[in-house]
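Q: Encoded as structure tokens, here's the structure I'll be asking about.
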Amino acid sequence: MSIDANVQIQLAEFSLEVELKLAEGEVLAVLGPNGSGKSTLLRALSGLQAIDRGVIKIHDVVVDDTEHSIFLMPERRQIGVMFQSSELFDNLSVLENVAFGLRARGAKRNVARANAAEWLQRFSLDQFAQRRPTSLSGGQAQRVALARALATNPNLLLLDEPTSALDIRAKAEIRRDLLRLRQQRPVTTLLVTHDPLDAFALADRVIVLEEGRIVQSGALDDVASHPRSRHIADMVGLSLVRGEVRDGALTTPSGARLVVPADSPSGLSVASIRPASVSLHRAEPEGSARNAWSMTVTDIDRHPERVRARLTGPIPLLAELTPAGAEALALTVGDTIWASVKASEVTVTPDLGA
Amino acid sequence: MTRQQRNRRRAVALQRPPAAIIAIAAVAIAFFALPFLGLLWRVPWTDAWSLLTTQSSLTALRLSVTTSLWATALSIAFGVPLAWVLARYGFPGRRIVRALCLLSLVLPPVVGGVALFAAYGRRGLLGESLFEWFGLRLPFSTAGVVLAQTFIAMPFLVLTVEAALRGLDNRSEDAARTLGASRWYAFRRVTLPAIRPALIAGAVLAWARALGEFGATITFAGNFPGRTQTMPLSVYLALESNPGQALVLSVVMIGISFGVLLSLRDQWLGGSAEMRSSR
């Protein structure tokens with residue numbers, strides 16, 4: 001186990017009780033609303049937040065053990081943290097920022113700088129080396145922050161809402177960098193986010209936190225098709241379709257066609273569709289601007305207040321209906337059914353990870 | 001007049017206070033300005049240079065500059081750690097400790113001098129031991145002047161730096177810690193650069209205060225030319241024997257203080273746009 005943690009924290013009006021394990025090189029996404037405790041969990045792993053009870057092991061090193069009064073200061077844990085608002089040091093150049101971690105660990109200035117320059121080059125940021133962080137865009141600053149967090153070769157990478165302060169384009173760039181990192185040199189990573197797209201792009205597994213407790217965990221697809229609460233359903237239920245956008249339509253590698261909003265940028269993209277915007281019909285729906293496919297129902301998840309159906313066909317989809325709607329359609333597993341989505345309900349983001 | 005100029009004028013007019021307020025403010029400005037104008041008017045300008053370069057003036061000037069710079073250095077060396085503790089370290093009784101350390105801001109300096117006597121005088125709480133063990137005698141010495149000035153001036157630095165440390169969020173330091181920086185390294189390379197404007201402002205304020213120190217100095221260190229007679233003391237004494245010299249020295253001190261305030265305006269005291277926009 002690369003990470004083995006059992007964390008209990010009691011704050012004034014909030015308590016956190018989480019157990020988690022990460023295998024070497026695994027990427028775990030922690031999803032949850034604001035105030036669910038996901039950032040507190042990340043701070044506890046990094047040593048910035050003291051825990052009240054529990055044990056935290058990072059790479060077989062006990063960094064926190066309340067029973068035996070063991071506590072390793074953040075600077076003595078082999079971690080890299082990327083914060084929501086990059087937190088670059090304004091008084092240092094971009095290069096010095098990336099070299100900071102090695103300098104703090106006692107490396108000679110020229111050694112640290114040479115190493116930092118390599119990291120900047122790896123992320124194609126070398127042209128910014130001598131710039132001040134204040135002159136960078138949000139996306140550039142965040143990518144520098146990622147390079148800075150990685151420059152010390154951490155055993156654990158902690159990402160705290162790495163894309164939430166960024167625009168769509170910059171979000172996609174960060175995801176691309178993280179994805180490339182995963183392919184080239186996997187680092188055990190804990191990704192805290194409320195953006196399911198981050199989780200879809202990067203994570204092997206998710207845990208969902210609500211009010212300081214894990215309410216669901218597992219592979220993202222399973223969580224998405226069997227969400228245990230309304231909130232999880234809203235958060236992770238997206239269907240993602242990869243393909244190339246041209247002339248207002250996305251074509252998937254298998255040749256399926258999805259009409260997208262007319263102002264979507266061309267190029268490789270990910271289209272996301274919320275289950276609630278998928279309608280199901282027994283007969284082929286009328287209307288030209290609509291996306292409609294004949295699909296097979298492979299799985300049905302019934303709840304008192306909603307029904308989720310997993311569909312396979314030209315484009316794999318999750319559909320959400322009211323129980324009454326499902327009953328009216330007499331929906332059962334194995335059915336063939338028509339699914340339709342309005343183009344205006346499709347959200348398109350550039351796919352830089354492809 | 002272009003439309004832009006007209007708009008700007010209108011914007012200025014909109015924000016202008018009522019005439020009565022402007023008139024009262026003008027009286028207040030005159031109240032502050034008149035003493036200085038009077039001083040400038042009374043100075044015997046023809047003899048000014050020779051009065052300023054008399055042996056006694058130069059001695060006082062040299063002593064003032066040396067002691068006030070020492071006091072500033074000591075204020076930084078002890079005041080920054082003190083401000084750090086007060087801003088960041090929540091220990092029981094912090095409010096009382098803080099009030100104690102800033103007390104000399106509001107204390108009559110003469111009282112400060114008396115208190116210094118009680119502590120560091122020949123018969124003082126610590127002074128007796130200092131003399132017995134090290135033969136160190138602080139009262140009526142140049143070191144005593146530095147001590148008195150530091151006592152009065154350091155709170156200015158502490159207050160300024162503490163406010164800056166409080167205003168700084170911990171997130172940069174947290175980031176530094178996760179990168180492997182010890183608390184000391186993070187303070188040196190992240191926090192200190194971030195509060196540099198406040199540190200400079202605090203140091204300049206403390207220096208100006210030390211330069212002008214009178215009450216505590218004359219009480220604790222006395223008035224010995226060349227040893228403890230600083231500029232303010234020398235002005236006070238010259239007032240009876242040689243008013244012209246007193247006036248010239250006063251003008252020099254006003255010039256220094258005014259320069260200090262003007263140089264600080266953009267950095268700190270005015271809370272100007274530059275300060276607000278810099279993170």
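Within each chain, counting starts at residue 1; across the structure tokens, chains are named A, B, ... in the order shown, with ligands numbered 1 upward in that order.
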What's around segment 150-164 of chain A at 8 Å? Count only C-alpha atoms, leave out sequence neighbours fewer than 4 positions away in its own chain, and write the answer as a PDB file with C-alpha atoms, in the first residue's frame.
A:
```
ATOM      1  CA  SER A  39      -9.821  19.697   1.718  1.00  0.00           C
ATOM      2  CA  LEU A  42      -5.943  16.609   2.081  1.00  0.00           C
ATOM      3  CA  SER A  46       0.004  16.777   4.014  1.00  0.00           C
ATOM      4  CA  ILE A  58       2.813   7.258   3.271  1.00  0.00           C
ATOM      5  CA  HIS A  59       4.986   4.727   1.461  1.00  0.00           C
ATOM      6  CA  GLN A  78       7.671  13.209   0.829  1.00  0.00           C
ATOM      7  CA  ILE A  79       4.662  14.920  -0.711  1.00  0.00           C
ATOM      8  CA  GLY A  80       3.820  17.385  -3.431  1.00  0.00           C
ATOM      9  CA  VAL A  81       0.773  19.586  -3.097  1.00  0.00           C
ATOM     10  CA  MET A  82      -0.956  21.601  -5.766  1.00  0.00           C
ATOM     11  CA  PHE A  83      -3.354  24.160  -4.347  1.00  0.00           C
ATOM     12  CA  GLN A  84      -6.478  25.606  -5.900  1.00  0.00           C
ATOM     13  CA  SER A  85      -4.895  29.055  -6.236  1.00  0.00           C
ATOM     14  CA  VAL A  98      10.170  25.345  -9.175  1.00  0.00           C
ATOM     15  CA  ALA A  99      13.646  25.128  -7.624  1.00  0.00           C
ATOM     16  CA  GLY A 101      11.605  22.581  -2.949  1.00  0.00           C
ATOM     17  CA  LEU A 102      15.066  21.301  -3.771  1.00  0.00           C
ATOM     18  CA  ASN A 115      16.550  20.416 -12.210  1.00  0.00           C
ATOM     19  CA  ALA A 116      13.806  23.063 -12.191  1.00  0.00           C
ATOM     20  CA  TRP A 119      10.738  20.292 -15.194  1.00  0.00           C
ATOM     21  CA  GLN A 142      -1.224  26.332 -12.110  1.00  0.00           C
ATOM     22  CA  LEU A 146       2.340  21.355 -10.742  1.00  0.00           C
ATOM     23  CA  ALA A 170      -6.885  25.979 -18.915  1.00  0.00           C
ATOM     24  CA  LYS A 171      -8.786  23.190 -17.167  1.00  0.00           C
ATOM     25  CA  ILE A 174      -4.042  20.874 -16.602  1.00  0.00           C
ATOM     26  CA  VAL A 187       2.734   9.042  -8.956  1.00  0.00           C
ATOM     27  CA  THR A 188       0.284   7.957  -6.287  1.00  0.00           C
ATOM     28  CA  THR A 189      -2.224  10.782  -6.366  1.00  0.00           C
ATOM     29  CA  LEU A 190      -5.118  12.009  -4.307  1.00  0.00           C
ATOM     30  CA  LEU A 191      -7.270  14.385  -6.304  1.00  0.00           C
ATOM     31  CA  VAL A 192      -9.760  16.509  -4.398  1.00  0.00           C
ATOM     32  CA  THR A 193     -12.360  18.013  -6.684  1.00  0.00           C
ATOM     33  CA  HIS A 194     -15.977  18.810  -7.178  1.00  0.00           C
ATOM     34  CA  ASP A 195     -15.620  18.657 -10.945  1.00  0.00           C
ATOM     35  CA  ASP A 198     -11.358  15.947 -13.424  1.00  0.00           C
TER      36      ASP A 198
ATOM     37  CA  LEU B 179       7.747  21.751  -0.541  1.00  0.00           C
TER      38      LEU B 179
END
```
Q: Find the spatial neighbours of Ser234 of chain B, counting only C-alpha atoms, within a cut-off of 10 Å - ignore same-chain residues fewer than 2 positions away - and output them as a list in words.
A: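 Everything that qualifies: Ser56, Ser57, Thr59, Ala60, Leu61, Phe214, Asn223, Phe224, Pro225, Thr228, Gln229, Thr230, Met231, Pro232, Tyr236, Leu237, Ala238, Leu239, Gln245, Ala246, Leu249 and Ser250 of chain B.
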Q: By how many Å are atom CA of Lys38 of chain A and atom CA of Gly212 of chain A apart?
A: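 The value is 7.7 Å.
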Q: Find the residues near segment 171-176 of chain B: any atom within 12 Å, counting only C-alpha atoms, skip ones fewer than 3 places away on the same chain, and give them as a PyMOL selection string.
A: (chain A and resi 43+46-49+73-76+79-91+97-105+145-146+148-149+158+160) or (chain B and resi 165+167-168+179-194+279)
Q: Could you pull out the residues in segment 94-156 of chain A that DSSP calls alpha helix (DSSP H) from the backbone, as a PyMOL selection string?
A: chain A and resi 94-104+109-122+138-150
Q: Neighbours of Asp335 of chain A within 10 Å (only C-alpha atoms; same-chain residues fewer than 2 positions away dropped), as a list in words?
A: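 Those residues are Arg282, Met295, Thr296, Val297, Thr298, Leu311, Ala330, Leu331, Thr332, Val333, Ile337 and Trp338 of chain A.
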Q: Write out, as a compact mmCIF listing (two decimals), in the first residue's frame, the residues just selected, with all heavy atoms.
A:
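What follows is the written file out-v5.txt:
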```
# COMPACT_ATOMS: atom_id res chain seq x y z
N ARG A 282 -40.51 5.17 -26.83
CA ARG A 282 -40.73 3.85 -27.43
C ARG A 282 -40.61 3.91 -28.95
O ARG A 282 -40.13 2.98 -29.58
CB ARG A 282 -42.13 3.31 -27.03
CG ARG A 282 -42.14 2.65 -25.67
CD ARG A 282 -41.35 1.34 -25.69
NE ARG A 282 -41.12 0.82 -24.34
CZ ARG A 282 -40.19 -0.06 -24.01
NH1 ARG A 282 -39.36 -0.51 -24.94
NH2 ARG A 282 -40.04 -0.50 -22.80
N MET A 295 -31.25 2.32 -28.70
CA MET A 295 -30.30 1.83 -27.70
C MET A 295 -30.85 0.57 -27.02
O MET A 295 -32.04 0.29 -27.08
CB MET A 295 -30.07 2.89 -26.61
CG MET A 295 -29.83 4.28 -27.10
SD MET A 295 -28.11 4.54 -27.55
CE MET A 295 -27.45 5.01 -25.99
N THR A 296 -29.93 -0.10 -26.29
CA THR A 296 -30.33 -1.25 -25.48
C THR A 296 -30.12 -0.93 -24.01
O THR A 296 -29.08 -0.40 -23.64
CB THR A 296 -29.49 -2.49 -25.85
OG1 THR A 296 -29.53 -2.64 -27.27
CG2 THR A 296 -30.05 -3.74 -25.19
N VAL A 297 -31.11 -1.26 -23.19
CA VAL A 297 -31.00 -1.01 -21.75
C VAL A 297 -30.19 -2.15 -21.15
O VAL A 297 -30.55 -3.32 -21.28
CB VAL A 297 -32.39 -0.95 -21.09
CG1 VAL A 297 -32.26 -0.71 -19.59
CG2 VAL A 297 -33.25 0.11 -21.76
N THR A 298 -29.06 -1.81 -20.48
CA THR A 298 -28.24 -2.87 -19.91
C THR A 298 -28.32 -2.92 -18.39
O THR A 298 -27.91 -3.91 -17.78
CB THR A 298 -26.75 -2.68 -20.28
OG1 THR A 298 -26.35 -1.39 -19.85
CG2 THR A 298 -26.56 -2.82 -21.77
N LEU A 311 -27.47 2.72 -20.92
CA LEU A 311 -27.86 2.33 -22.28
C LEU A 311 -26.60 2.10 -23.10
O LEU A 311 -25.64 2.85 -22.97
CB LEU A 311 -28.67 3.45 -22.94
CG LEU A 311 -29.83 4.03 -22.11
CD1 LEU A 311 -30.33 5.31 -22.77
CD2 LEU A 311 -30.96 3.02 -21.99
N ALA A 330 -42.59 1.18 -19.15
CA ALA A 330 -42.42 -0.23 -18.78
C ALA A 330 -40.99 -0.68 -19.04
O ALA A 330 -40.72 -1.69 -19.69
CB ALA A 330 -43.41 -1.12 -19.54
N LEU A 331 -40.05 0.12 -18.51
CA LEU A 331 -38.63 -0.08 -18.79
C LEU A 331 -38.09 -1.34 -18.10
O LEU A 331 -38.25 -1.51 -16.90
CB LEU A 331 -37.86 1.14 -18.27
CG LEU A 331 -36.53 1.48 -18.92
CD1 LEU A 331 -36.72 1.77 -20.40
CD2 LEU A 331 -35.90 2.65 -18.21
N THR A 332 -37.46 -2.21 -18.87
CA THR A 332 -36.81 -3.39 -18.28
C THR A 332 -35.47 -3.60 -18.97
O THR A 332 -35.24 -3.12 -20.08
CB THR A 332 -37.64 -4.68 -18.48
OG1 THR A 332 -38.02 -4.75 -19.86
CG2 THR A 332 -38.86 -4.71 -17.60
N VAL A 333 -34.58 -4.32 -18.26
CA VAL A 333 -33.26 -4.60 -18.82
C VAL A 333 -33.42 -5.46 -20.06
O VAL A 333 -34.20 -6.40 -20.08
CB VAL A 333 -32.38 -5.30 -17.77
CG1 VAL A 333 -31.06 -5.76 -18.38
CG2 VAL A 333 -32.13 -4.39 -16.58
N ILE A 337 -34.76 0.71 -27.02
CA ILE A 337 -35.51 1.95 -26.79
C ILE A 337 -34.83 3.10 -27.49
O ILE A 337 -33.63 3.05 -27.81
CB ILE A 337 -35.61 2.19 -25.25
CG1 ILE A 337 -36.77 3.13 -24.94
CG2 ILE A 337 -34.31 2.73 -24.69
CD1 ILE A 337 -37.31 2.94 -23.55
N TRP A 338 -35.58 4.15 -27.78
CA TRP A 338 -35.00 5.34 -28.42
C TRP A 338 -34.60 6.35 -27.35
O TRP A 338 -35.36 6.62 -26.42
CB TRP A 338 -36.00 5.98 -29.38
CG TRP A 338 -36.09 5.24 -30.68
CD1 TRP A 338 -36.94 4.21 -30.96
CD2 TRP A 338 -35.29 5.45 -31.83
NE1 TRP A 338 -36.73 3.73 -32.22
CE2 TRP A 338 -35.71 4.49 -32.80
CE3 TRP A 338 -34.26 6.33 -32.18
CZ2 TRP A 338 -35.15 4.40 -34.07
CZ3 TRP A 338 -33.71 6.24 -33.45
CH2 TRP A 338 -34.14 5.28 -34.37
```
Q: Using only C-alpha atoms, which of B:Val114, B:Ala206, B:Leu264, B:Ile195 sits nearest chain A?
A: B:Ile195
Q: Contacts of Leu220 of chain A at 12 Å or less, counting only C-alpha atoms, minus same-chain residues fewer than 3 places along, as a count of residues only?
A: 32
Q: Would you mind telling me which residue in B:Pro243, B:Phe134, B:Arg177, B:Leu51 lies nearest to chain A when using only C-alpha atoms?
A: B:Arg177
Q: Do you have the atom CA of Ala292 of chain A-atom CA of Ser340 of chain A distance handy?
A: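 That distance, rounded to one decimal, is 4.2 Å.
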Q: Ile3 of chain A: which residues within 8 Å, counting only C-alpha atoms, same-chain residues fewer than 2 positions away excluded, as a PyMOL selection string?
A: chain A and resi 1+5+20-24+56-60
